[in-house]
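K.L.:
For reference, the structure I am asking about is given below.
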Amino acid sequence: MSFNALLYTSLAIFGIGLLYKVFTWFFFKIGFQGHEATTGQRVGAAAAGIAGTVFSAKILTLLKVFFVDILLQIRILKTDALRWVMHMLMFWGFMLLLLMHAMDQLITVNLFGNYQSTVNPYLFLRDFFGAMVIAGVLIALYRRFILKVPRLKTSGMDVYAIAIVALILVSGLVLEGVKITSHSRFQSMVEDYGDPDDAEAVKALESLWVKDYGLVSPTVKGPFDPKVLAQGREVHADNCAECHSAPQWAFMGYATSRILKPAALALDRSGGPNFLWYLHILLCFAGLAYLPFSKMFHIVVTPISLLANAVMDEEHASPANVMTRQVMELDACTHCGTCSLYCSAMMAYEARGNAYILPSEKMTFLKALVRKKDLTSRQRSAIQEGVYLCTNCDRCTVVCPSGINLRQMWRKVREDLVQQGEAEPLVLSPFSLVRGLNREALPAKLYDRPLQKVRRALAGDFDKLMDPARPLSLEAAGNPSGKQPENETFAHCFGCQNCTSVCPVVQSYEDPTAHLGLLPHQLMCSLGMGLMEMASGARMLWDCVTCYQCQEHCPQNVKVADLLYELKNTAVKNWEKARTVEDSVPAGAA
Amino acid sequence: MSRYALFLGCNIPARVKQYDLSARAVLEKLDVELVDDPQFNCCGYPMRNSDPEAYLLSAAKNLALAEKQGLDMLVLCQCCYGSLKKAAHVMKSDDAVTEAVRAHLADHGLSYEGQTRIKHLLSVLYHDVGLEKLKEKILRPYKNLHIAVHYGCHALRPSDITEFDDPVAPTLIDELVEITGAKSVDWPLKLECCGAPAMGINDDLSMNLARKKLNDGRQAGAQYLCTACPYCQIQFDTVQQMILAHDREMEALPAMVYPQILGLGMGIDGQKLGIGMNTLDITEVPSFLSKE
């Protein structure tokens with residue numbers, strides 16, 4: 001297949017992939033929050049938004065972002081200098097190779113009339129840019145596999161991205177090395193630009209090229225007669241010098257040619273230069289064709305994300321545009337792990353081992369979710385916990401080098417999951433503060449649903465246990481959930497009810513028992529009687545504001561509020577245990 | 001000059017930036033140097049309901065990070081403060097849980113031996129800077145400004161752990177407010193909960209607790225409320241506005257964080273103290289300052 005056929009095929013695949021991806025930005029949806037816009041409406045909203053931005057003062061912001069965040073990538077520098085060096089080497093090296101070398105017939109030739117890939121400065125620059133990329137790749141490998149940057153996870157996509165860049169570079173390098181040594185190339189050049197019938201001149205030239213230009217010849221070997229070399233220099237000056245700088249300027253290719261020297265003749269005879277040329281361009285074209293589907297797509301999307309987020313105002317942007325931007329942001333995420341490195345909840349990840357607590361892993365998950373991959377119930381509860389176990393500190397959004405508005409992403413996905421998923425104990429924790437502050441974004445009934453769900457789940461058999469008609473069981477203390485709290489101060493309670501009378505929650509209700517199930521002193525009393533299961537089902541636990549008035553005012557030094565914490569922990573543990581048992585029952589057996 | 005590792009927590013940088021701004025502005029003038037550590041993570045407070053191990057590990061990591069720098073911690077949030085103080089207390093004992101935490105910290109090249117002390121911003125101002133020095137720095141004392149001081153539960157209680165002030169008759173924040181020339185009013189619900197821990201869980205309860213306190217402060221003649229915690233500030237600012245939106249009868253009692261009050265008295269520009277960043281308007285406060 002000819003070069004052009006390959007090029008156009010890969011360009012066509014790239015183009016179709018690009019169109020498909022852009023289509024998904026306007027088609028896929030993330031999250032709940034009720035806004036429905038058709039693809040057509042979303043395209044219209046985006047066009048209006050872009051036009052409104054470009055023809056306004058915001059264009060200055062866009063220009064600033066283009067230079068500071070896209071060309072200089074200062075956002076990366078702010079969090080990690082080594083990573084910035086790595087990325088700048090790869091970005092600039094790759095871009096310059098693309099423009100000067102890969103697209104030389106389109107760009108370089110037109111900019112510089114004297115362009116020849118084998119003449120300086122182009123000969124040197126090609127290797128120099130290549131060296132930049134290779135240095136960047138080496139730093140990338142070092143960070144991932146030797147330095148082991150904490151919480152930097154490596155997925156198949158990350159391996160592919162490093163591999164495709166490395167393979168393109170290495171194949172190009174070996175191609176250059178083999179071409180330097182290639183005797184068949186030498187012969188064909190002599191045929192095209194010299195006089196192949198002048199055997200003496202050819203031999204002189206060949207001698208010179210073997211000596212100084214890295215050529216490996218099957219027949220001509222040193223040591224050389226200075227006279228022959230002098231003649232070779234003349235021939236060289238007349239026929240070759242115009243188009244060939246010394247190959248040593250291509251310092252990496254030349255070094256490669258020296259390494260390959262022992263095998264050079266065999267490589268040349270077996271068609272090495274041709275094979276390597278095909279390999280190199282096939283790798284380039286494969287990378288190009290697959291680009292829209294790979295992590296390397298961030299080359300296109302991350303700048304768009306940075307620009308869009310710089311000018312889109314969270315509160316006033318049209319919901320249709322926010323939706324489109326969010327789907328696009330999934331493509332802008334490079335899985336670099338910066339968010340996870342700074343995540344405030346990182347220790348919860350380490351304690352609980354749920355990778356979805358880390359923002360970078362949540363993004364990986366969302367990429368799959370948006371395409372409606374089916375989830376197992378275990379995955380679903382893990383992602384639900386991961387999305388909810390977030391302190392809303394916004395650090396991920398502040399540090400994201402791609403400028404992704406992760407804060408808004410979590411808020412949307414979180415609501416979706418707690419509405420549709422099973423009960424989530426974290427909903428009854430201070431992690432819900434931000435959801436509470438945004439309660440008015442949802443209809444009251446929907447807002448309450450996840451709360452009701454988890455209150456029911458954590459109450460266990462509370463109502464049954466509280467039924468006055470229930471026969472008293474002597475087994476309560478022997479029940480597995482009846483394990484007594486570690487903190488045994490409840491045993492000192494003599495029932496003065498100080499805790500209950502100072503409790504601001506109790507004071508908030510006309511009929512506190514009806515609302516709260518058991519009041520603080522009743523909880524202490526239940527513990528004294530070994531009724532752990534009953535105590536851990538009381539609604540009081542979750543309405544406790546942890547103000548510690550009870551504990552401070554206890555004449556007996558009972559750690560009332562701490563015990564309430566312990567009871568909450570027990571309730572969550574019992575619920576988790578019950579759920580695991582349910583999970584392990586095969587379908588249909590229940 | 002004293003140095004502290006500044007512990008901002010999660011709420012302040014995201015939702016109460018004026019507390020960060022005003023605390024830094026004030027401490028700069030008082031020669032207190034703050035060291036930021038981007039490795040600090042959540043204090044663990046929101047995990048206490050569900051996972052005590054995750055809570056302790058999260059809190060202890062911060063203590064260990066500060067200890068590695070050889071610094072005491074200056075904490076702005078009272079919930080972070082209570083959480084870290086509790087963790088420091090728990091870490092004094094040797095049992096299976098603290099052992100596991102120690103081992104985990106060691107994996108990060110960290111350890112916590114109890115050297116780092118945890119101090120709330122107001123304790124630093126009161127004890128370390130001292131009222132005398134603060135008084136000298138007040139260039140424009142307030143006149144006719146009545147403030148309801150909100151103490152905040154997690155600084156005050158459990159007092160054997162938090163060691164902030166007398167849990168029944170505290171005076172620390174009142175004194176700090178009064179050196180600015182403002183009057184700290186007596187109000188019965190001064191030491192009660194703001195309701196923030198229930199926000200998002202039982203919003204009616206949360207808003208009721210806030211409403212009761214706000215009405216109480218108003219009735220005692222306060223024009224503004226003083227907080228020293230982002231949770232309390234959010235409750236009396238953002239949540240108060242939600243309450244006001246549904247209750248046209250109720251009169252607002254805007255809240256501000258203590259370093260905003262102090263900073264204005266010290267002659268710091270209101271913009272540097274973020275007084276325009278509060279949800280409820282506090283831009284009239286400078287009109288109570290005496291003329292320069």
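Following the order of the structure tokens, first chain is A, next is B, and so on, with residues numbered from 1 inside each chain and ligands from 1 in the order they appear.
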Could you list, as an MDAnalysis selection string, the residues of chain B having an atom within 9 Å of chain A when counting only C-alpha atoms?

P.N.:
chainID B and resid 9:15 38:55 57:59 61 104 152:154 156:160 167:168 192:193 195:203 205:206 208:209 238:239 242

K.L.:
Find the residues near Gln233 (chain B): any atom within 9 Å, counting only C-alpha atoms, skip ones fewer than 2 places away on the same chain, and give them as number ranges by chain.

P.N.:
B: 16, 194, 226-231, 235-238, 255-257

K.L.:
Can you list, as a count of residues only, all residues belonging to region 32-192 of chain B that DSSP tags as helix (DSSP H, G or I)?

P.N.:
77

K.L.:
So what do you get for CA of Leu34 (chain B) versus CA of Arg117 (chain B), distance-wise?

P.N.:
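It comes out at 14.8 Å.
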
K.L.:
To one decimal place in Å, what is the distance between CA of His335 (chain A) and CA of Thr154 (chain A)?

P.N.:
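Rounded to one decimal, the two atoms are 8.5 Å apart.
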
K.L.:
List as a PyMOL selection string the protein and nucleic acid residues near Ile275 (chain B), meaning an atom at most 12 Å away when only C-alpha atoms are counted, but skip any in the same chain fewer than 2 places from it.

P.N.:
chain B and resi 16-22+254-261+263-264+268-273+277-286

K.L.:
Write out as a list in words each polymer residue whose atoms come within 12 Å of Glu175 (chain B), counting only C-alpha atoms; drop sequence neighbours fewer than 3 positions from it.

P.N.:
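Using only C-alpha atoms, the neighbours found are Leu122, Ser123, Leu125, Tyr126, His127, Gly130, Leu131, Glu132, Leu134, Lys135, Ile147, Val149, Asp165, Pro170, Thr171, Leu172, Glu178, Ile179, Thr180, Gly181, Ala182, Lys183, Ser184, Val185, Tyr258 and Leu262 of chain B.
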
K.L.:
Excluding region 55-61 of chain A and its own-chain neighbours fewer than 4 positions away, which residues fall within 12 Å of it when counting only C-alpha atoms? Please give them as an NGL selection string.

P.N.:
:A and (48-51 or 65-69 or 306-313)
